[in-house]
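Novice: Supplied in structure tokens, the structure appears directly below.
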Amino acid sequence: MKRFMEKASILALSLVLTTAFSISSSLPAMFQYYKNYSSSQVELLVSLPSIGIMSLLMFNSVLERFVSERFMIILGLILYSICGLIPFFNQSYNLVFASRFVFGLGLGMMNPRAIAIISERFQGRERVQMLGYRGSAEVVGMAVLTLAVGQLLHFGWTTTFLVYTVGFIVLALYLMFVPYEKNESDKHKHLKSVRKMTRKQINLSIFLAFIAGMIVCANVAITLRIPSLVLQAEIGNAETASWILSCMQLVGILAGVSFASLVSVLKNRLLTVTGIVFGLSQVMIGFSSQIWLLSLSALLAGFAYSVSLTAVFHIVSEKIPTHLVNRATAIVVLGCSSGASVSTFVLSLIGIISSAPIFIFSVLGVFMMATSTLAAFVTHKQNEEKDAIR
């Protein structure tokens, strides 16, 4: 039971990682409240945590020289919970602006560590299973909090920020059930003495960050364009698109549960295979002219997206030494955030040539497949070098 609660508490950290945008449903009410501000300024209150996350991640290697992993997780959860609740008590634009940024810093502190802690505390198949479950936890956290926001909106937009009290629950679970390892201080001292990653480790981390960024960018593009695709093709309405996107998100739970089995079957080919499937599903979305085909393509994309992104972090845990996993994970997470940030720009850039869904999703899909194929060569080369050393 003790081991089960430790695992559950570690997975609980991932429940809050993607919840920054869960209060986006309250935007219409926020527009009305902040009448003296432009719509872009109000929208910034929702997206601002992303800037805080990226800002913190860029200084990750500096911070971990001075403070331990446990301290960063605890401080991150405290900032997440307290700053997340500030808009409920005080609606001053400047104060809400500052609180949302610091809220993002809290998420940035937790993000790489919530992933790296699995690589540090688990081995073998147990580690693979936990990485898969962690991906599912992100989906569950986002879905539950988004649903809660919808219910809280009946009591006013400020009450939607009460969903962030979940941070206090996660903090309590972490303090009670995730034991402080006696050698953690030794790990921290070791981290101080081994400050630099090797050139090969840095190159691999950057390459994986690029792949992760591509995966996230494509997923955001699908989320942004499916509603307009449904309306343009006259195969449904906004509610139809909402159902498709919800199911696409929830299929990530199935992806997380089946991740360990997929690793045992596909082994080092997992990222390549799922990346190619993800690319094909994007092409299928572009060619979808019927609701059943679009729904099937979106579900396939949601499954492949979750598995391929989890596969990236699995490679990090396998190829990077344990004491450097935090640093490598931070680089990959930064790639994820960058991919999400540039998605609208990428869509605009492709749209210069043609704004047709067939063209846009074909370009994204083909590029995804090409990148996944390149990943096969890189991982194969890494394995050859590893065998040569042996």
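Ordered as shown in the structure tokens, chains take letters A, B, and onward, while each chain numbers its residues from 1 and ligands are numbered from 1 in the order shown.
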As a PyMOL selection string, please: the residues near region 132-135 of chain A (cut-off 12 Å, only C-alpha atoms, same-chain neighbours under 2 positions excluded).

Specialist: chain A and resi 7-18+111+114-119+125-130+137-142+249-263+303+305-314

Novice: Might you pull out every residue within 9 Å of Leu45 (chain A), with only C-alpha atoms counted and same-chain residues fewer than 3 positions away left off, and present them as a PyMOL selection string?

Specialist: chain A and resi 40-42+48-49+93+96-97+100-101

Novice: Okay, now the selection with N, CA and C atoms, as a PDB file, in the first residue's frame?

Specialist:
ATOM      1  N   SER A  40      -6.787  41.198 -26.490  1.00  0.00           N
ATOM      2  CA  SER A  40      -5.484  40.528 -26.465  1.00  0.00           C
ATOM      3  C   SER A  40      -4.855  40.604 -25.076  1.00  0.00           C
ATOM      4  N   GLN A  41      -5.087  41.724 -24.369  1.00  0.00           N
ATOM      5  CA  GLN A  41      -4.562  41.861 -23.008  1.00  0.00           C
ATOM      6  C   GLN A  41      -5.248  40.894 -22.058  1.00  0.00           C
ATOM      7  N   VAL A  42      -6.536  40.684 -22.264  1.00  0.00           N
ATOM      8  CA  VAL A  42      -7.279  39.742 -21.412  1.00  0.00           C
ATOM      9  C   VAL A  42      -6.879  38.311 -21.741  1.00  0.00           C
ATOM     10  N   LEU A  48      -0.294  33.678 -20.339  1.00  0.00           N
ATOM     11  CA  LEU A  48       0.918  34.169 -19.678  1.00  0.00           C
ATOM     12  C   LEU A  48       1.718  33.100 -18.936  1.00  0.00           C
ATOM     13  N   PRO A  49       1.080  32.106 -18.289  1.00  0.00           N
ATOM     14  CA  PRO A  49       1.864  31.069 -17.613  1.00  0.00           C
ATOM     15  C   PRO A  49       2.892  30.395 -18.521  1.00  0.00           C
ATOM     16  N   TYR A  93      -6.211  43.959 -12.502  1.00  0.00           N
ATOM     17  CA  TYR A  93      -5.545  43.408 -13.684  1.00  0.00           C
ATOM     18  C   TYR A  93      -4.053  43.208 -13.449  1.00  0.00           C
ATOM     19  N   VAL A  96      -3.447  40.258 -11.094  1.00  0.00           N
ATOM     20  CA  VAL A  96      -3.746  38.994 -11.772  1.00  0.00           C
ATOM     21  C   VAL A  96      -2.649  38.682 -12.789  1.00  0.00           C
ATOM     22  N   PHE A  97      -2.191  39.715 -13.503  1.00  0.00           N
ATOM     23  CA  PHE A  97      -1.110  39.557 -14.484  1.00  0.00           C
ATOM     24  C   PHE A  97       0.140  38.986 -13.810  1.00  0.00           C
ATOM     25  N   ARG A 100      -0.352  35.326 -12.521  1.00  0.00           N
ATOM     26  CA  ARG A 100      -0.352  34.312 -13.582  1.00  0.00           C
ATOM     27  C   ARG A 100       1.062  34.010 -14.067  1.00  0.00           C
ATOM     28  N   PHE A 101       1.909  35.043 -14.078  1.00  0.00           N
ATOM     29  CA  PHE A 101       3.300  34.830 -14.484  1.00  0.00           C
ATOM     30  C   PHE A 101       4.030  33.970 -13.448  1.00  0.00           C
TER      31      PHE A 101
END

Novice: Once you count only C-alpha atoms, what closest atom pair and distance in Å to one decimal does each residue of region 275-323 of chain A within 10 Å of region 220-230 of chain A have, with rows by chain and rising residue number, as CSV?

Specialist:
residue,atom,partner,partner_atom,distance
A:Gln282,CA,A:Ile222,CA,7.8
A:Ile285,CA,A:Ile226,CA,8.4
A:Gly286,CA,A:Leu229,CA,8.5
A:Ser288,CA,A:Leu229,CA,8.9
A:Ser289,CA,A:Val230,CA,8.7
A:Gln290,CA,A:Val230,CA,9.0
A:Ile291,CA,A:Val230,CA,7.9
A:Leu294,CA,A:Val230,CA,8.5
A:Ala298,CA,A:Ile222,CA,8.2
A:Ala301,CA,A:Ile222,CA,8.8
A:Gly302,CA,A:Ile222,CA,9.6

Novice: Can you pull out every residue within 12 Å of Ala330 (chain A), counting only C-alpha atoms, but drop anything in the same chain fewer than 6 positions away, and send it as an MDAnalysis selection string?

Specialist: chainID A and resid 53:64 107:116 202 205:206 208:209 212 313 316 324 336:337

Novice: In terms of the shortest atom-to-atom distance over only C-alpha atoms, which of A:Leu299, A:Ile23, A:Ile331, A:Trp243 is closest to Tyr164 (chain A)?

Specialist: A:Ile23

Novice: Please provide as a compact mmCIF listing (two decimals) with N, CA and C atoms, in the first residue's frame all residues within 12 Å of Leu175 (chain A), with the sequence filter that same-chain residues fewer than 5 positions apart are discarded (counting only C-alpha atoms).

Specialist:
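Saved the output as around-v2.txt:
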# COMPACT_ATOMS: atom_id res chain seq x y z
N MET A 5 0.87 4.20 -2.84
CA MET A 5 0.62 5.62 -2.56
C MET A 5 1.79 6.48 -3.03
N GLU A 6 2.99 5.94 -2.95
CA GLU A 6 4.16 6.69 -3.46
C GLU A 6 4.03 6.90 -4.97
N SER A 9 1.20 9.36 -5.73
CA SER A 9 1.57 10.73 -5.39
C SER A 9 2.54 11.32 -6.41
N ILE A 10 3.44 10.49 -6.93
CA ILE A 10 4.36 10.95 -7.97
C ILE A 10 3.59 11.25 -9.25
N ALA A 12 0.53 12.13 -9.35
CA ALA A 12 -0.32 13.29 -9.08
C ALA A 12 0.38 14.59 -9.48
N LEU A 13 1.71 14.61 -9.46
CA LEU A 13 2.45 15.80 -9.88
C LEU A 13 2.12 16.15 -11.33
N ARG A 70 13.58 18.12 -4.40
CA ARG A 70 12.43 18.14 -3.49
C ARG A 70 12.00 19.58 -3.17
N PHE A 71 12.97 20.44 -2.93
CA PHE A 71 12.66 21.85 -2.63
C PHE A 71 11.96 22.51 -3.82
N ILE A 73 10.16 21.07 -6.20
CA ILE A 73 8.80 20.55 -6.36
C ILE A 73 7.86 21.19 -5.34
N ILE A 74 8.31 21.25 -4.09
CA ILE A 74 7.47 21.84 -3.03
C ILE A 74 7.20 23.32 -3.30
N LEU A 75 8.26 24.08 -3.63
CA LEU A 75 8.09 25.51 -3.92
C LEU A 75 7.21 25.71 -5.15
N LEU A 77 4.78 23.76 -6.25
CA LEU A 77 3.39 23.50 -5.90
C LEU A 77 2.79 24.63 -5.06
N PHE A 168 -2.81 22.15 -3.58
CA PHE A 168 -2.60 21.87 -2.16
C PHE A 168 -2.76 20.38 -1.87
N ILE A 169 -3.70 19.74 -2.57
CA ILE A 169 -3.91 18.29 -2.40
C ILE A 169 -2.69 17.53 -2.90
N VAL A 170 -2.18 17.91 -4.08
CA VAL A 170 -0.99 17.25 -4.64
C VAL A 170 0.21 17.46 -3.72
N TYR A 180 11.64 11.24 1.44
CA TYR A 180 12.88 11.98 1.19
C TYR A 180 14.02 10.99 1.21

Novice: Could you work out how far CA of Val342 (chain A) lies from CA of Met214 (chain A), giving the answer in Å with one decimal?

Specialist: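 According to the coordinates, CA of Met214 (chain A) and CA of Val342 (chain A) are separated by 9.9 Å.
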
Novice: Using only C-alpha atoms, which of the listed residues (A:Lys319, A:Arg121, A:Gly76, A:Lys267) sits closest to Pro179 (chain A)?

Specialist: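 The shortest atom-to-atom distance to Pro179 (chain A) comes from A:Arg121.
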
Novice: Excluding same-chain residues fewer than 4 positions from region 26-31 of chain A, what lies within 10 Å of it counting only C-alpha atoms, as a ChimeraX atom specification?

Specialist: /A:22,35-43,45-46,91,149-150,152-153,156-161

Novice: Identify, on the basis of only C-alpha atoms, every residue whose closest approach to region 364-375 of chain A does not exceed 8 Å; exclude the query and any residue fewer than 4 positions from it along the same chain; express the result as a PyMOL selection string.

Specialist: chain A and resi 211+214-215+218+271-273+275-283+360+379

Novice: Which is closest to Gln151 (chain A) among A:Asn237, A:Leu85, A:Ser25, A:Ser295, if we use only C-alpha atoms?

Specialist: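 Closest residue, counting only C-alpha atoms: A:Ser25.
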
Novice: For the atom pair CA of Gly84 (chain A) and CA of Phe103 (chain A), what is the interatomic distance in Å to one decimal place?

Specialist: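 Separation between CA of Gly84 (chain A) and CA of Phe103 (chain A): 6.0 Å.
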
Novice: Out of region 113-232 of chain A, which residues get alpha helix (DSSP H) from DSSP, as a ChimeraX atom specification?

Specialist: /A:113-121,124-152,166-177,184-193,199-232
